[in-house]
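A.B. asks: Here's a structure for you.
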Amino acid sequence: MNPTYDPAAVEADWYDIWEKSGVFAPEHNPDGEPFCIVLPPPNVTGVLHMGHALNHVIHDVIIRRKRMQGYRVLWLPGMDHAGIATQTVVERELAHEGLTRHDVGRERFIEQVWAWKTRSGGTITEQMRKLGESVDWSRERFTMDEGLSRAVREVFVSLYEKGLIYRGNRIINWCPQHLTALSDIEVEYEDEAGELVFINYPFTDGSGHLTVATTRAETMLGDTGVAVHPGDGRYSDAIGKTVTLPLMNREIPVVADEIVDPEFGTGAVKVTPAHDPNDFEIGRRHGLEAINILTESAEVNENGGRFSGLDRMTARLAVQDALAEGGHLDHIEERTHSVGHCSRCNTVVEPYLSLQWFVKVAPLVTPAIEAVRSGRTRFVPERWENSYYHWMENLRDWCISRQIWWGHRIPAWQCGDCDEVIVTREDPAACPSCSGSNLQQDEDVLDTWFSSALWPFSTLGWPDETPDLAAFYPNAVLVTGFDIIFFWVARMLKMGLEFMDDVPFRDVVIHGLVRAPDGRKMSKSLGNAIDPLDVIDSHGADPLRLAVVQAAAPGQDVPFDMEWVEGARKFGNKLWNAARFVLGHIEAGSVPAQGGYPDDPGPEAAWILSRLADVLRRFDQLADEYRFSDAYGLLYNFAWSEVFDWYLELSKAALDDQETARQTQQTLGVVLRDLLKLFHPAIPYLTEELWNELVGDGLLAGAEWPTPSQAAAPKSMDAFQELVGGIRRFRASHQLSPRQGLQMLVTDPDSIAESWWPRQLESLVAVATESGQPTAGRSTRVVAGSLQGFLPLDGVVDLDAERARLERALGAAEEDFELADRKLSNPSFRDRAPAEVVAKDEQKRKEAEATIAKLRAQLDELGPA
RNA sequence: GGGCGCUUAGCUCAGCGGGAGAGCGCUUCCUUGACGUGGAAGAGGUCACAGGUUCAAUCCCUGUAGCGCCCA
């Protein structure tokens with residue numbers, strides 16, 4: 001073995017071996033209880049970023065542990081076709097040749113997207129392999145593959161038949177860049193500086209004017225009314241009158257509507273039904289015409305009179321100027337307001353009236369809320385449930401049609417002869433109403449999230465009743481960031497309950513965002529993004545994985561710093577060298593894959609075995625609660641400060657002794673082996689490599705999870721460590737070389753010390769012990785309970801330094817005494833505190849008293865400075 | 001405006017009713033035969049602030065301030 005850990009060498013070969021062995025498939029544990037997670041499908045355009053790394057590593061930690069625990073584990077990978085994103089990528093390629101998608105035509109364009117998918121879509125799967133993800137590639141799915149497309153069609157038709165999908169003219173969010181509708185959550189709002197423009201609309205009868213306020217002046221071209229609140233006394237006379245729309249000279253009515261906020265602007269608002277959702281509602285209630293004044297690319301159309309042809313932003317200024325010229329501009333106020341942007345291209349979205357397909361969400365929402373309230377699906381951390389309820393209770397219908405080409409085409413046809421709309425599972429040949437064959441399929445495709453919403457069951461074969469579907473639905477866990485609870489989690493719950501009659505998953509584990517070390521969001525545009533593949537190249541996949549797991553407290557954002565990775569790599573080196581040490585004392589391949597704890601462990605071995613059993617139990621508790629950061633923190637500290645720093649050191653003396661050598665070898669082997677098992681879900685490569693050396697039997701990835709041994713801890717270990725600590729502090733404060741041997745006389749009235757102590761004291765701190773008290777010369781004491789060790793001072797140390805050391809210790813002891821004494825002198829404390837708490841403080845006071853007495857005596861023996 | 005978090009050692013964060021913890025950083029010592037990617041010892045916190053509950057509050061309650069996120 002190399003003297004140092006080389007991640008690149010360790011990580012070279014194992015993935016292929018794992019994959020070929022079939023250990024990643026559920027068939028590995030055919031009789032186990034099913035446990036399934038479907039991977040949130042990355043976009044087919046995607047490359048692995050830190051967010052994926054965090055998400056995927058949490059998945060793999062859960063999955064690998066469950067597999068080792070004997071579950072029939074399926075982790076199903078796949079990709080999302082990512083409609084707009086993918087289409088944009090291919091359109092950009094076309095643009096290099098000076099072409100648009102319209103030049104090549106729909107059919108050929110889609111062929112090109114598929115070709116692109118074949119060529120580049122596998123990038124992320126290669127990267128997932130590098131990270132070591134134990135997914136079952138034989139079950140990989142794609143949202144556009146044949147089976148999933150069938151599921152999408154079945155769901156669409158079924159919802160349509162139930163009246164839960166409808167087509168209608170509504171105000172939707174329109175992206176003038178992508179030329180498509182967006183759903184509400186694909187719009188991101190930002191506060192921007194803007195102007196509130198106050199415009200005077202003269203009453204047609206000449207009796208003065210009304211003033212309305214707007215941030216989008218150009219929309220006045222499409223005004224068909226003015227609205228005021230019915231209870232607003234300022235305008236009671238105006239209701240029912242008409243005003244003449246400036247610039248357009250259109251006579252429009254003043255109506256009263258509850259929705260108007262009297263506090264906003266002047267309390268009178270212009271009504272543009274085609275360009276504002278509230279105005280659309282007002283218009284509907286009062287029979288106002290909806291005049292669309294914009295083209296799809298947000299230029300003023302022929303309905304905008306002389307402004308037609310201007311871009312909306314240019315038109316805004318032109319309209320303001322024209323109003324000012326005509327004397328209709330009252331005034332302008334500076335104002336910040338919230339502006340919606342396309343979440344993909346950041347273009348300002350336009351509220352736009354158009355004919356779209358919608359999912360009626362109200363009937364789906366109730367069971368989805370109930371499923372979480374009743375605990376059938378649980379959020380971890382729980383607090384996300386509130387956000388979920390709040391969002392679900394305020395949902396508007398979901399606009400699912402997109403005016404793009406890449407995606408599941410809407411299975412609706414319109415008859416050119418009789419206008420019948422046909423929605424069917426099989427493509428229709430003729431109109432069922434008039435038997436005509438002049439059928440035209442809807443041009444639109446579905447929102448990408450429509451197919452994602454079916455992911456937990458469509459990937460398992462639904463609508464067919466496959467064995468996988470029977471075994472793995474509901475999924476056990478969903479792991480995702482809070483940013484897509486609404487996009488995805490909520491919709492999977494709705495669809496799962498509707499079509500599978502059960503929740504899609506039991507637990508929803510929500511993790512945070514990966515942030516840059518300075519706490520800002522990691523992004524390419526800020527230039528502070530860390531590429532996980534660079535980290536893998538420079539430090540290895542295992543160190544990256546361990547760093548991410550340790551840094552990710554549940555539900556908290558993860559401030560990512562390369563120092564974490566450095567630390568994780570150092571840990572890998574430490575583990576590597578611990579294994580080298582162990583393999584220097586036992587035969588390679590000699591450790592059993594499970595069990596094999598020594599029957600008669602010596603005291604040191606019994607101690608580490610009992611600690612291992614404690615840690616294993618606690619680790620499992622934490623992991624079951626998805627607290628992987630705490631679980632691996634616990635394990636890391638146990639491995640380093642107890643196994644490596646203490647047990648490996650203790651084992652050296654025990655190995656030299658023929659009587660204890662065998663048990664010690666056995667213990668070293670099984671303790672290291674169990675560490676490898678516990679660490680395997682986090683650092684699979686390194687542990688597999690070391691397992692191969694140590695056990696050499698089968699794959700660790702398919703091995704059994706450890707069960708705790710029954711060893712009982714010797715009580716004397718705490719006292720022993722205290723004694724060693726005392727000796728080390730004594731050496732440190734007097735700068736004595738660790739090599740310099742010391743003689744120590746020991747008094748032990750309560751027989752705390754055990755027979756194994758002397759050889760370990762010799763081995764660890766070069767102290768030779770003998771029982772008795774010093775008779776001549778000055779000495780100092782190190783204490784472990786009632787046991788005292790006397791170390792010689794004369795000729796060894798600087799007495800002033802010793803005095804200072806003792807005084808420091810005395811001060812600390814006196815503080816301890818004070819604290820306990822103060823509590824115990826309080827009668828209420830004695831009355832009301834539980835007996836064991838009082839007893840504990842009494843014990844503390846007694847010990848502090850004894851310590852003080854010893855230290856004072858010692859100071860006296862030293863004499864004055 | 002509504003909601004949800006956060007405020008603990010220089011930094012990043014755990015802990016959450018009975019004497020403040022980890023990693024990194026810092027100081028001192030150590031070429032110990034697994035490892036200097038190491039070992040040993042140490043310094044460093046009125047647990048944001050103000051009230052309250054309690055024998056006891058970093059932890060529970062109320063309020064204040066600052067920061068972050070989500071929704072409107």
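Ordering of the structure tokens sets the chain letters (A, B, ...), residue numbers begin anew at 1 in every chain, and ligands are numbered from 1 in the order given.
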Using only C-alpha atoms (C1' of nucleotides), select each residue of chain B with any atom at most 7 Å away from an atom of chain A, and give the selection as a PyMOL selection string.
C.D. replies: chain B and resi 18+29+34-35+37+41+55
A.B. asks: May I have the residues from that selection written out with N, CA, C and O atoms (P, O5', C5', C4', C3', O3' and C1' of nucleotides), as a compact mmCIF listing (two decimals), in the first residue's frame?
C.D. replies:
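Final output, saved to out20.txt:
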```txt
# COMPACT_ATOMS: atom_id res chain seq x y z
P G B 18 -30.05 21.15 30.18
O5' G B 18 -30.18 20.16 31.35
C5' G B 18 -29.43 19.86 32.41
C4' G B 18 -28.60 20.94 33.02
C3' G B 18 -27.44 20.31 33.77
O3' G B 18 -26.26 21.04 33.51
C1' G B 18 -29.16 21.16 35.30
P C B 29 8.21 26.34 20.80
O5' C B 29 8.09 24.80 21.22
C5' C B 29 8.52 24.37 22.50
C4' C B 29 8.04 22.97 22.75
C3' C B 29 8.47 21.93 21.73
O3' C B 29 9.80 21.51 21.94
C1' C B 29 6.18 21.64 22.21
P A B 34 4.31 2.21 13.18
O5' A B 34 3.20 2.56 12.08
C5' A B 34 3.31 2.08 10.76
C4' A B 34 2.36 2.83 9.87
C3' A B 34 2.56 4.35 9.88
O3' A B 34 3.51 4.73 8.91
C1' A B 34 0.28 3.85 10.27
P C B 35 4.38 6.04 9.10
O5' C B 35 3.32 7.20 8.85
C5' C B 35 2.80 7.44 7.54
C4' C B 35 1.64 8.38 7.62
C3' C B 35 1.97 9.75 8.22
O3' C B 35 2.50 10.61 7.23
C1' C B 35 -0.04 8.92 9.16
P U B 37 2.18 17.02 5.36
O5' U B 37 0.68 16.71 5.85
C5' U B 37 -0.28 17.82 5.99
C4' U B 37 -1.60 17.15 6.20
C3' U B 37 -1.42 15.88 7.03
O3' U B 37 -1.86 15.97 8.39
C1' U B 37 -2.38 15.38 4.86
P A B 41 -3.63 16.08 24.92
O5' A B 41 -3.02 17.48 25.39
C5' A B 41 -2.31 17.56 26.63
C4' A B 41 -1.65 18.89 26.74
C3' A B 41 -2.58 20.10 26.81
O3' A B 41 -3.10 20.28 28.11
C1' A B 41 -0.84 20.54 25.28
P C B 55 -39.98 27.53 41.34
O5' C B 55 -38.39 27.57 41.55
C5' C B 55 -37.85 28.25 42.68
C4' C B 55 -36.39 27.91 42.79
C3' C B 55 -35.56 28.13 41.53
O3' C B 55 -35.16 29.48 41.42
C1' C B 55 -35.08 26.00 42.42
```
A.B. asks: Which residues, written as a list of chain:residue names, have at least one atom at most 10 Å from Gly696 of chain A, with only C-alpha atoms (C1' of nucleotides) counted and residues fewer than 3 positions away on the same chain left out?
C.D. replies: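 Result of the neighbour search: A:Ala588, A:Gly589, A:Ser590, A:Val591, A:Pro592, A:Ala593, A:Glu688, A:Glu689, A:Leu690, A:Trp691, A:Asn692, A:Glu693, A:Leu699, A:Leu700.
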A.B. asks: Those residues you just picked out, can you put them in a file as a CSV table (one decimal), in the first residue's frame with C-alpha atoms?
C.D. replies:
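Generated output (out_34.csv):
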```csv
chain,number,residue,atom,x,y,z
A,588,ALA,CA,-4.7,-9.2,4.4
A,589,GLY,CA,-8.1,-10.6,3.7
A,590,SER,CA,-8.3,-12.2,7.1
A,591,VAL,CA,-11.1,-10.2,8.6
A,592,PRO,CA,-14.6,-11.8,8.4
A,593,ALA,CA,-17.3,-9.8,6.5
A,688,GLU,CA,-14.3,-0.3,-0.9
A,689,GLU,CA,-10.6,-0.2,-1.6
A,690,LEU,CA,-9.7,-0.8,2.0
A,691,TRP,CA,-12.4,-3.5,2.4
A,692,ASN,CA,-10.8,-5.3,-0.5
A,693,GLU,CA,-7.4,-5.3,1.4
A,699,LEU,CA,-18.0,-6.1,-2.3
A,700,LEU,CA,-18.5,-3.7,0.6
```
A.B. asks: Which of these residues is nearest to Ile172 of chain A, using only C-alpha atoms: A:Tyr352, A:Tyr632, A:Tyr388, A:Phe679?
C.D. replies: A:Tyr352
A.B. asks: Leaving out Pro749 of chain A and any residue of its chain fewer than 4 positions from it, which residues lie within 12 Å of it when counting only C-alpha atoms (C1' of nucleotides), given as a VMD selection string?
C.D. replies: chain A and resid 753 771 to 773 784 to 789
A.B. asks: Using all heavy atoms, can you export the residues from the last selection as an mmCIF file, in the first residue's frame?
C.D. replies:
```cif
data_model
loop_
_atom_site.group_PDB
_atom_site.id
_atom_site.type_symbol
_atom_site.label_atom_id
_atom_site.label_comp_id
_atom_site.auth_asym_id
_atom_site.auth_seq_id
_atom_site.Cartn_x
_atom_site.Cartn_y
_atom_site.Cartn_z
ATOM 1 N N ALA A 753 -6.915 1.571 39.646
ATOM 2 C CA ALA A 753 -6.018 1.131 38.578
ATOM 3 C C ALA A 753 -6.186 -0.344 38.308
ATOM 4 O O ALA A 753 -6.460 -1.125 39.212
ATOM 5 C CB ALA A 753 -4.576 1.432 38.957
ATOM 6 N N SER A 771 4.058 1.238 43.213
ATOM 7 C CA SER A 771 3.131 1.700 44.228
ATOM 8 C C SER A 771 3.886 2.247 45.431
ATOM 9 O O SER A 771 4.998 1.805 45.735
ATOM 10 C CB SER A 771 2.155 0.582 44.585
ATOM 11 O OG SER A 771 2.543 -0.018 45.776
ATOM 12 N N GLY A 772 3.324 3.241 46.076
ATOM 13 C CA GLY A 772 3.986 3.826 47.240
ATOM 14 C C GLY A 772 3.926 5.334 47.220
ATOM 15 O O GLY A 772 3.415 5.937 46.269
ATOM 16 N N GLN A 773 4.425 5.935 48.291
ATOM 17 C CA GLN A 773 4.445 7.393 48.410
ATOM 18 C C GLN A 773 5.872 7.881 48.443
ATOM 19 O O GLN A 773 6.754 7.189 48.921
ATOM 20 C CB GLN A 773 3.762 7.806 49.713
ATOM 21 C CG GLN A 773 2.275 7.622 49.668
ATOM 22 C CD GLN A 773 1.590 8.551 50.658
ATOM 23 O OE1 GLN A 773 1.919 9.727 50.744
ATOM 24 N NE2 GLN A 773 0.641 8.006 51.397
ATOM 25 N N ALA A 784 -6.427 10.888 39.395
ATOM 26 C CA ALA A 784 -7.557 10.308 38.677
ATOM 27 C C ALA A 784 -8.495 9.760 39.739
ATOM 28 O O ALA A 784 -8.251 8.695 40.292
ATOM 29 C CB ALA A 784 -7.094 9.210 37.735
ATOM 30 N N GLY A 785 -9.533 10.495 40.045
ATOM 31 C CA GLY A 785 -10.397 10.121 41.163
ATOM 32 C C GLY A 785 -9.583 10.136 42.443
ATOM 33 O O GLY A 785 -8.822 11.070 42.695
ATOM 34 N N SER A 786 -9.673 9.040 43.196
ATOM 35 C CA SER A 786 -8.943 9.003 44.468
ATOM 36 C C SER A 786 -7.509 8.519 44.272
ATOM 37 O O SER A 786 -6.713 8.518 45.204
ATOM 38 C CB SER A 786 -9.674 8.091 45.461
ATOM 39 O OG SER A 786 -9.781 6.793 44.902
ATOM 40 N N LEU A 787 -7.189 8.117 43.067
ATOM 41 C CA LEU A 787 -5.827 7.661 42.793
ATOM 42 C C LEU A 787 -4.896 8.862 42.630
ATOM 43 O O LEU A 787 -5.263 9.865 42.022
ATOM 44 C CB LEU A 787 -5.820 6.811 41.524
ATOM 45 C CG LEU A 787 -4.475 6.275 41.027
ATOM 46 C CD1 LEU A 787 -4.685 4.898 40.403
ATOM 47 C CD2 LEU A 787 -3.825 7.207 40.015
ATOM 48 N N GLN A 788 -3.708 8.748 43.213
ATOM 49 C CA GLN A 788 -2.734 9.812 43.044
ATOM 50 C C GLN A 788 -1.436 9.255 42.486
ATOM 51 O O GLN A 788 -0.956 8.220 42.952
ATOM 52 C CB GLN A 788 -2.435 10.489 44.385
ATOM 53 C CG GLN A 788 -3.625 11.203 44.975
ATOM 54 C CD GLN A 788 -3.218 11.997 46.199
ATOM 55 O OE1 GLN A 788 -2.606 13.057 46.094
ATOM 56 N NE2 GLN A 788 -3.541 11.473 47.365
ATOM 57 N N GLY A 789 -0.910 9.956 41.508
ATOM 58 C CA GLY A 789 0.400 9.589 41.004
ATOM 59 C C GLY A 789 1.381 10.692 41.386
ATOM 60 O O GLY A 789 1.062 11.865 41.268
#
```
A.B. asks: Rounded to one decimal, what separation in Å do you get between atom CA of Lys66 of chain A and atom CA of Thr459 of chain A?
C.D. replies: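 So the answer is 20.9 Å.
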A.B. asks: Measuring atom to atom with only C-alpha atoms (C1' of nucleotides), identify which of B:G36, B:G15, B:U7, B:G1 is nearest to C49 of chain B.
C.D. replies: B:U7
A.B. asks: Here is a test: counting only C-alpha atoms (C1' of nucleotides), which residue of B:A57, B:C26, B:C4, B:A20 is nearest to C69 of chain B?
C.D. replies: B:C4
A.B. asks: Please extract the residues of segment 121-252 of chain A with a backbone DSSP assignment of alpha helix (DSSP H) and present them as a ChimeraX atom specification.
C.D. replies: /A:123-131,146-161
A.B. asks: Could you write those residues out with C-alpha atoms, as an mmCIF file, in the first residue's frame?
C.D. replies:
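Now in result-v5.cif:
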```
data_model
loop_
_atom_site.group_PDB
_atom_site.id
_atom_site.type_symbol
_atom_site.label_atom_id
_atom_site.label_comp_id
_atom_site.auth_asym_id
_atom_site.auth_seq_id
_atom_site.Cartn_x
_atom_site.Cartn_y
_atom_site.Cartn_z
ATOM 1 C CA THR A 123 -23.004 14.301 -20.001
ATOM 2 C CA ILE A 124 -24.599 14.345 -16.612
ATOM 3 C CA THR A 125 -24.880 10.574 -16.404
ATOM 4 C CA GLU A 126 -21.125 10.290 -16.872
ATOM 5 C CA GLN A 127 -20.666 12.855 -14.146
ATOM 6 C CA MET A 128 -22.996 10.932 -11.861
ATOM 7 C CA ARG A 129 -20.812 7.869 -12.363
ATOM 8 C CA LYS A 130 -17.777 9.864 -11.352
ATOM 9 C CA LEU A 131 -19.497 10.917 -8.156
ATOM 10 C CA GLU A 146 -42.220 6.000 -25.086
ATOM 11 C CA GLY A 147 -43.502 4.701 -21.785
ATOM 12 C CA LEU A 148 -43.534 8.039 -20.039
ATOM 13 C CA SER A 149 -45.160 9.682 -23.026
ATOM 14 C CA ARG A 150 -47.932 7.125 -22.795
ATOM 15 C CA ALA A 151 -48.360 7.966 -19.103
ATOM 16 C CA VAL A 152 -48.542 11.661 -19.935
ATOM 17 C CA ARG A 153 -51.189 11.051 -22.557
ATOM 18 C CA GLU A 154 -53.225 8.820 -20.263
ATOM 19 C CA VAL A 155 -53.180 11.457 -17.525
ATOM 20 C CA PHE A 156 -54.086 14.259 -19.896
ATOM 21 C CA VAL A 157 -56.999 12.411 -21.450
ATOM 22 C CA SER A 158 -58.212 11.131 -18.120
ATOM 23 C CA LEU A 159 -58.148 14.588 -16.524
ATOM 24 C CA TYR A 160 -59.889 15.991 -19.581
ATOM 25 C CA GLU A 161 -62.597 13.386 -19.323
#
```
A.B. asks: Please, what distance in Å, to one decimal, runs between atom CA of Val255 of chain A and atom CA of Ala238 of chain A?
C.D. replies: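 Taking atom CA of Val255 of chain A and atom CA of Ala238 of chain A, their separation equals 8.5 Å.
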A.B. asks: My list of candidates is A:Ile259, A:Val782, A:Ala776, A:Leu799. Which is closest to Leu855 of chain A when distances are computed with only C-alpha atoms?
C.D. replies: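 That would be A:Val782, the residue with the smallest distance to Leu855 of chain A.
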A.B. asks: Considering only C-alpha atoms (C1' of nucleotides), return as a list of chain:residue names whatever protein or nucleic-acid residues lie within 7 Å of segment 81-86 of chain A, sequence-local ones (same chain, fewer than 6 positions apart) excluded.
C.D. replies: A:Asn43, A:Val44, A:Thr45, A:Thr143, A:Met144, A:Trp406, A:Gly407, A:Thr448
A.B. asks: Quick one: residues within 12 Å of Tyr389 of chain A, only C-alpha atoms (C1' of nucleotides), excluding same-chain residues fewer than 2 positions away - as a tab-separated table (two decimals) with C-alpha atoms (C1' of nucleotides), in the first residue's frame?
C.D. replies:
```
chain	number	residue	atom	x	y	z
A	365	VAL	CA	-55.59	20.18	-3.85
A	366	THR	CA	-57.85	18.93	-1.07
A	367	PRO	CA	-56.52	15.35	-0.92
A	368	ALA	CA	-52.95	16.61	-1.35
A	369	ILE	CA	-53.29	18.86	1.68
A	370	GLU	CA	-54.99	16.12	3.65
A	371	ALA	CA	-52.19	13.66	2.87
A	372	VAL	CA	-49.67	15.91	4.58
A	373	ARG	CA	-51.95	16.94	7.46
A	379	PHE	CA	-41.75	16.84	5.44
A	382	GLU	CA	-41.38	19.73	9.38
A	383	ARG	CA	-41.56	23.49	9.07
A	384	TRP	CA	-41.79	23.25	5.28
A	385	GLU	CA	-45.28	21.88	5.72
A	386	ASN	CA	-46.51	25.40	6.50
A	387	SER	CA	-45.19	26.76	3.23
A	391	TRP	CA	-49.15	27.68	-1.25
A	392	MET	CA	-51.65	24.92	-1.89
A	393	GLU	CA	-54.49	26.90	-0.37
A	394	ASN	CA	-53.86	29.84	-2.67
A	395	LEU	CA	-53.41	28.06	-5.96
A	485	ILE	CA	-41.47	22.19	-3.50
A	486	PHE	CA	-44.07	24.10	-5.49
A	490	ALA	CA	-46.85	19.57	-4.64
B	3	G	C1'	-45.36	33.91	6.51
B	71	C	C1'	-45.53	34.66	-0.81
```
A.B. asks: Would you mind listing what lies within 12 Å of G52 of chain B as a list in words, with only C-alpha atoms (C1' of nucleotides) counted and same-chain residues fewer than 3 positions away left out?
C.D. replies: A57, C60, C61, U62 and G63 of chain B
A.B. asks: Do you know which residues are at most 9 Å from Val61 of chain A counting only C-alpha atoms (C1' of nucleotides), after dropping those on the same chain fewer than 5 positions away, and could you put them as a PyMOL selection string?
C.D. replies: chain A and resi 56+66+549+628+680-683
A.B. asks: Let me see the file: selected residues, N, CA, C and O atoms, as a short mmCIF file (atom, residue, chain, number, x, y, z; two decimals), in the first residue's frame.
C.D. replies:
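Writing done, so here's selection-v1.cif:
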```
data_model
loop_
_atom_site.label_atom_id
_atom_site.label_comp_id
_atom_site.auth_asym_id
_atom_site.auth_seq_id
_atom_site.Cartn_x
_atom_site.Cartn_y
_atom_site.Cartn_z
N HIS A 56 -27.50 14.66 -4.80
CA HIS A 56 -27.22 13.28 -5.16
C HIS A 56 -26.46 12.54 -4.06
O HIS A 56 -26.67 11.35 -3.85
N LYS A 66 -29.33 1.77 3.18
CA LYS A 66 -30.51 0.89 3.14
C LYS A 66 -30.18 -0.42 2.43
O LYS A 66 -30.66 -1.49 2.81
N VAL A 549 -21.56 16.09 2.85
CA VAL A 549 -22.41 15.46 3.87
C VAL A 549 -22.21 16.13 5.22
O VAL A 549 -23.16 16.42 5.94
N PHE A 628 -27.70 13.47 8.53
CA PHE A 628 -26.44 12.87 8.09
C PHE A 628 -25.23 13.68 8.49
O PHE A 628 -24.16 13.14 8.72
N HIS A 680 -18.98 3.79 4.49
CA HIS A 680 -19.15 3.48 3.07
C HIS A 680 -20.20 4.33 2.36
O HIS A 680 -19.97 4.83 1.26
N PRO A 681 -21.38 4.56 2.94
CA PRO A 681 -22.36 5.36 2.20
C PRO A 681 -21.85 6.76 1.85
O PRO A 681 -22.24 7.30 0.82
N ALA A 682 -20.97 7.30 2.66
CA ALA A 682 -20.45 8.64 2.38
C ALA A 682 -19.22 8.61 1.48
O ALA A 682 -19.08 9.45 0.59
N ILE A 683 -18.31 7.68 1.73
CA ILE A 683 -17.07 7.62 0.94
C ILE A 683 -16.89 6.21 0.37
O ILE A 683 -16.05 5.44 0.84
#
```
A.B. asks: For a test of reading the model, state the distance in Å between atom CA of Ile171 of chain A and atom CA of Asp279 of chain A, rounded to one decimal.
C.D. replies: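 According to the coordinates, atom CA of Ile171 of chain A and atom CA of Asp279 of chain A are separated by 9.6 Å.
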A.B. asks: Can you pull out every residue from segment 412-618 of chain A that DSSP, working from the backbone, puts in strand (DSSP E), and format the result as an MDAnalysis selection string?
C.D. replies: chainID A and resid 412:415 421:423 439:441 445:446 475:481 505:511 514:515 558:559
A.B. asks: Restricting the output to C-alpha atoms, write the selected residues as an mmCIF file, in the first residue's frame.
C.D. replies:
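See result.cif below for the written result:
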```cif
data_model
loop_
_atom_site.group_PDB
_atom_site.id
_atom_site.type_symbol
_atom_site.label_atom_id
_atom_site.label_comp_id
_atom_site.auth_asym_id
_atom_site.auth_seq_id
_atom_site.Cartn_x
_atom_site.Cartn_y
_atom_site.Cartn_z
ATOM 1 C CA ALA A 412 -56.229 17.373 -28.723
ATOM 2 C CA TRP A 413 -57.537 17.752 -32.227
ATOM 3 C CA GLN A 414 -59.993 20.200 -33.659
ATOM 4 C CA CYS A 415 -62.303 19.281 -36.502
ATOM 5 C CA VAL A 421 -62.551 19.218 -29.979
ATOM 6 C CA ILE A 422 -61.307 15.641 -29.748
ATOM 7 C CA VAL A 423 -59.103 14.441 -26.869
ATOM 8 C CA LEU A 439 -58.558 17.178 -38.209
ATOM 9 C CA GLN A 440 -55.915 19.516 -36.909
ATOM 10 C CA GLN A 441 -53.828 18.617 -33.843
ATOM 11 C CA VAL A 445 -46.889 21.063 -26.041
ATOM 12 C CA LEU A 446 -47.260 20.499 -22.318
ATOM 13 C CA ASN A 475 -41.587 5.615 -3.042
ATOM 14 C CA ALA A 476 -39.926 5.701 0.356
ATOM 15 C CA VAL A 477 -38.331 9.122 0.224
ATOM 16 C CA LEU A 478 -38.081 12.170 -1.951
ATOM 17 C CA VAL A 479 -34.955 14.283 -1.565
ATOM 18 C CA THR A 480 -35.015 17.774 -2.979
ATOM 19 C CA GLY A 481 -34.266 21.443 -2.450
ATOM 20 C CA PHE A 505 -43.629 9.084 -1.162
ATOM 21 C CA ARG A 506 -43.601 8.804 2.621
ATOM 22 C CA ASP A 507 -40.899 11.292 3.537
ATOM 23 C CA VAL A 508 -39.883 14.473 1.780
ATOM 24 C CA VAL A 509 -36.370 15.438 2.773
ATOM 25 C CA ILE A 510 -35.728 19.094 2.070
ATOM 26 C CA HIS A 511 -32.177 20.350 1.905
ATOM 27 C CA VAL A 514 -25.187 25.315 -1.749
ATOM 28 C CA ARG A 515 -23.717 28.739 -1.187
ATOM 29 C CA VAL A 558 -24.648 24.854 2.863
ATOM 30 C CA PRO A 559 -21.797 27.350 2.799
#
```
A.B. asks: Taking only C-alpha atoms into account, name the residue in A:Arg545, A:Arg92, A:Arg618, A:Arg781 that is nearest to Leu686 of chain A.
C.D. replies: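 The closest residue to Leu686 of chain A is A:Arg545.
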A.B. asks: Can you work out which one of A:Asp311, A:Glu190, A:Asp531, A:Asp276 has the shortest atom-to-atom distance to Ala290 of chain A, counting only C-alpha atoms?
C.D. replies: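 Residue with the minimum atom-to-atom distance to Ala290 of chain A: A:Asp276.
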